[in-house]
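Below you'll find the structure, written out as structure tokens, and then a few comments.
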Amino acid sequence: MNFLHFMMTNRQQVLDLILEHITLAGVATLLAALVGIPLGILITRVPQLSKPVLGGANIIQTIPSLALFGFLLPAPWIGERGGRLAILALALYALLPLIRNTYAGIQSVDPAMVEAGRAMGLTDLQLLFQVELPLASGVIVAGVRIATVLSIGLATIAAAIGAGGLGEFIFRGLAMVNNQVILAGAVPAALLALVADFLLGRLERRLGSLRLKS
């Protein structure tokens, strides 16, 4: 049985696992963005927090993915559900690019524009939303792009804890020593990552061009 024949024969299961994979990676990236972007903003306002926040996010990145899943298993209301555990673990991994890019994007805004905003009487909150975030949006989207691709790739490991996704085929193929089954999980996962990277890359470039025009 070749790869394409396997995909056609099991197309409904493939579609179900693709949807599970998108859900895992999408929810994890959204959760990471809801935490990481505000943290990135916070450390531009409180610089003394930048080292511990970025250092903590860096440390999470150094923990092997399966080990992180293992550390989270005893957590109440999380470890007992594979999907919740996988989403939390993926969100933790996605934090670093979101925090770092938000911080770098705001820090890279031309100080002259910030001073001009202050001279016009804008408050710090108004400066943030009307000047800094719009100008930093391209860099922030680059962080979302990295976090999304990272989440899609790492979500394949979620199958090891029963969270579903395309990793189901990969682990099943490894157990069966069947390359066709492994490819049934690996190829769609790679395509998802490429599509997400392409779409977010276009958005990033568009926002970057708007920044240059400003």
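FYI, nothing fancy with the structure tokens labels: chains A, B, ... in order, residues from 1 per chain, ligands from 1 as they appear.
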ask   = Near Leu24 (chain A), within 9 Å and counting only C-alpha atoms, which residues show up once chain neighbours fewer than 6 positions away are dropped, as a list in words?
value =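 Near neighbours after the sequence-gap exclusion: Gly83, Arg84, Ala86, Ile87, Leu90, Ser151, Ile152, Ala155, Ala158, Ala163, Gly164 and Gly165 of chain A.
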task = Considering only C-alpha atoms, return as a PyMOL selection string whatever protein or nucleic-acid residues lie within 12 Å of Val187 (chain A), sequence-local ones (same chain, fewer than 6 positions apart) excluded.
result = chain A and resi 3-4+7+14+18+153+156+166-167+169-170+179-181+193-194
Serialized selection, N, CA and C atoms, as a tab-separated table (two decimals), in the first residue's frame:
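Here's the written file selection.tsv:
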chain	number	residue	atom	x	y	z
A	3	PHE	N	1.68	5.49	-0.14
A	3	PHE	CA	1.27	6.60	0.73
A	3	PHE	C	-0.07	7.19	0.30
A	4	LEU	N	-0.23	7.50	-1.00
A	4	LEU	CA	-1.46	8.14	-1.48
A	4	LEU	C	-2.66	7.22	-1.30
A	7	MET	N	-3.70	7.35	2.29
A	7	MET	CA	-4.38	8.61	2.59
A	7	MET	C	-5.83	8.58	2.10
A	14	VAL	N	-7.86	10.85	8.55
A	14	VAL	CA	-6.84	11.87	8.30
A	14	VAL	C	-7.42	13.26	8.55
A	18	ILE	N	-6.30	15.93	11.36
A	18	ILE	CA	-5.84	17.27	10.95
A	18	ILE	C	-6.59	18.34	11.75
A	153	GLY	N	4.50	21.94	14.89
A	153	GLY	CA	5.50	20.88	14.92
A	153	GLY	C	5.47	20.08	16.20
A	156	THR	N	2.70	17.24	17.29
A	156	THR	CA	2.77	15.82	16.91
A	156	THR	C	3.12	14.94	18.11
A	166	LEU	N	-2.07	14.67	14.49
A	166	LEU	CA	-1.40	13.87	13.47
A	166	LEU	C	-0.28	12.99	14.01
A	167	GLY	N	0.15	13.28	15.23
A	167	GLY	CA	1.14	12.42	15.87
A	167	GLY	C	0.64	11.00	16.08
A	169	PHE	N	-0.71	9.07	13.86
A	169	PHE	CA	-0.18	8.28	12.74
A	169	PHE	C	1.32	8.04	12.89
A	170	ILE	N	2.03	9.06	13.35
A	170	ILE	CA	3.49	8.94	13.46
A	170	ILE	C	3.85	7.87	14.49
A	179	ASN	N	6.48	3.01	7.09
A	179	ASN	CA	6.78	4.37	6.64
A	179	ASN	C	5.56	5.09	6.09
A	180	GLN	N	4.62	4.36	5.48
A	180	GLN	CA	3.43	4.99	4.91
A	180	GLN	C	2.58	5.63	6.00
A	181	VAL	N	2.44	4.94	7.12
A	181	VAL	CA	1.64	5.48	8.24
A	181	VAL	C	2.36	6.67	8.86
A	193	ALA	N	2.25	23.48	8.71
A	193	ALA	CA	3.27	24.44	9.15
A	193	ALA	C	3.66	25.38	8.01
A	194	LEU	N	3.80	24.83	6.80
A	194	LEU	CA	4.17	25.66	5.64
A	194	LEU	C	3.08	26.66	5.29
Contact residues around Leu203 (chain A) with only C-alpha atoms at 9 Å, ignoring same-chain residues under 5 positions, as a PDB file with C-alpha atoms, in the first residue's frame:
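Produced file selection08.pdb, reproduced below:
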ATOM      1  CA  GLY A 138       5.021  43.510  11.987  1.00  0.00           C
ATOM      2  CA  VAL A 141       3.241  39.062  13.966  1.00  0.00           C
ATOM      3  CA  ALA A 142       6.679  37.573  13.242  1.00  0.00           C
ATOM      4  CA  PHE A 198       3.218  31.489   4.329  1.00  0.00           C
ATOM      5  CA  GLY A 208       6.203  45.861   7.772  1.00  0.00           C
TER       6      GLY A 208
END
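Using only C-alpha atoms, the shortest contact distance between Thr29 (chain A) and any of A:Pro111, A:Gly201, A:Ala89, A:Met176 is found at A:Ala89.
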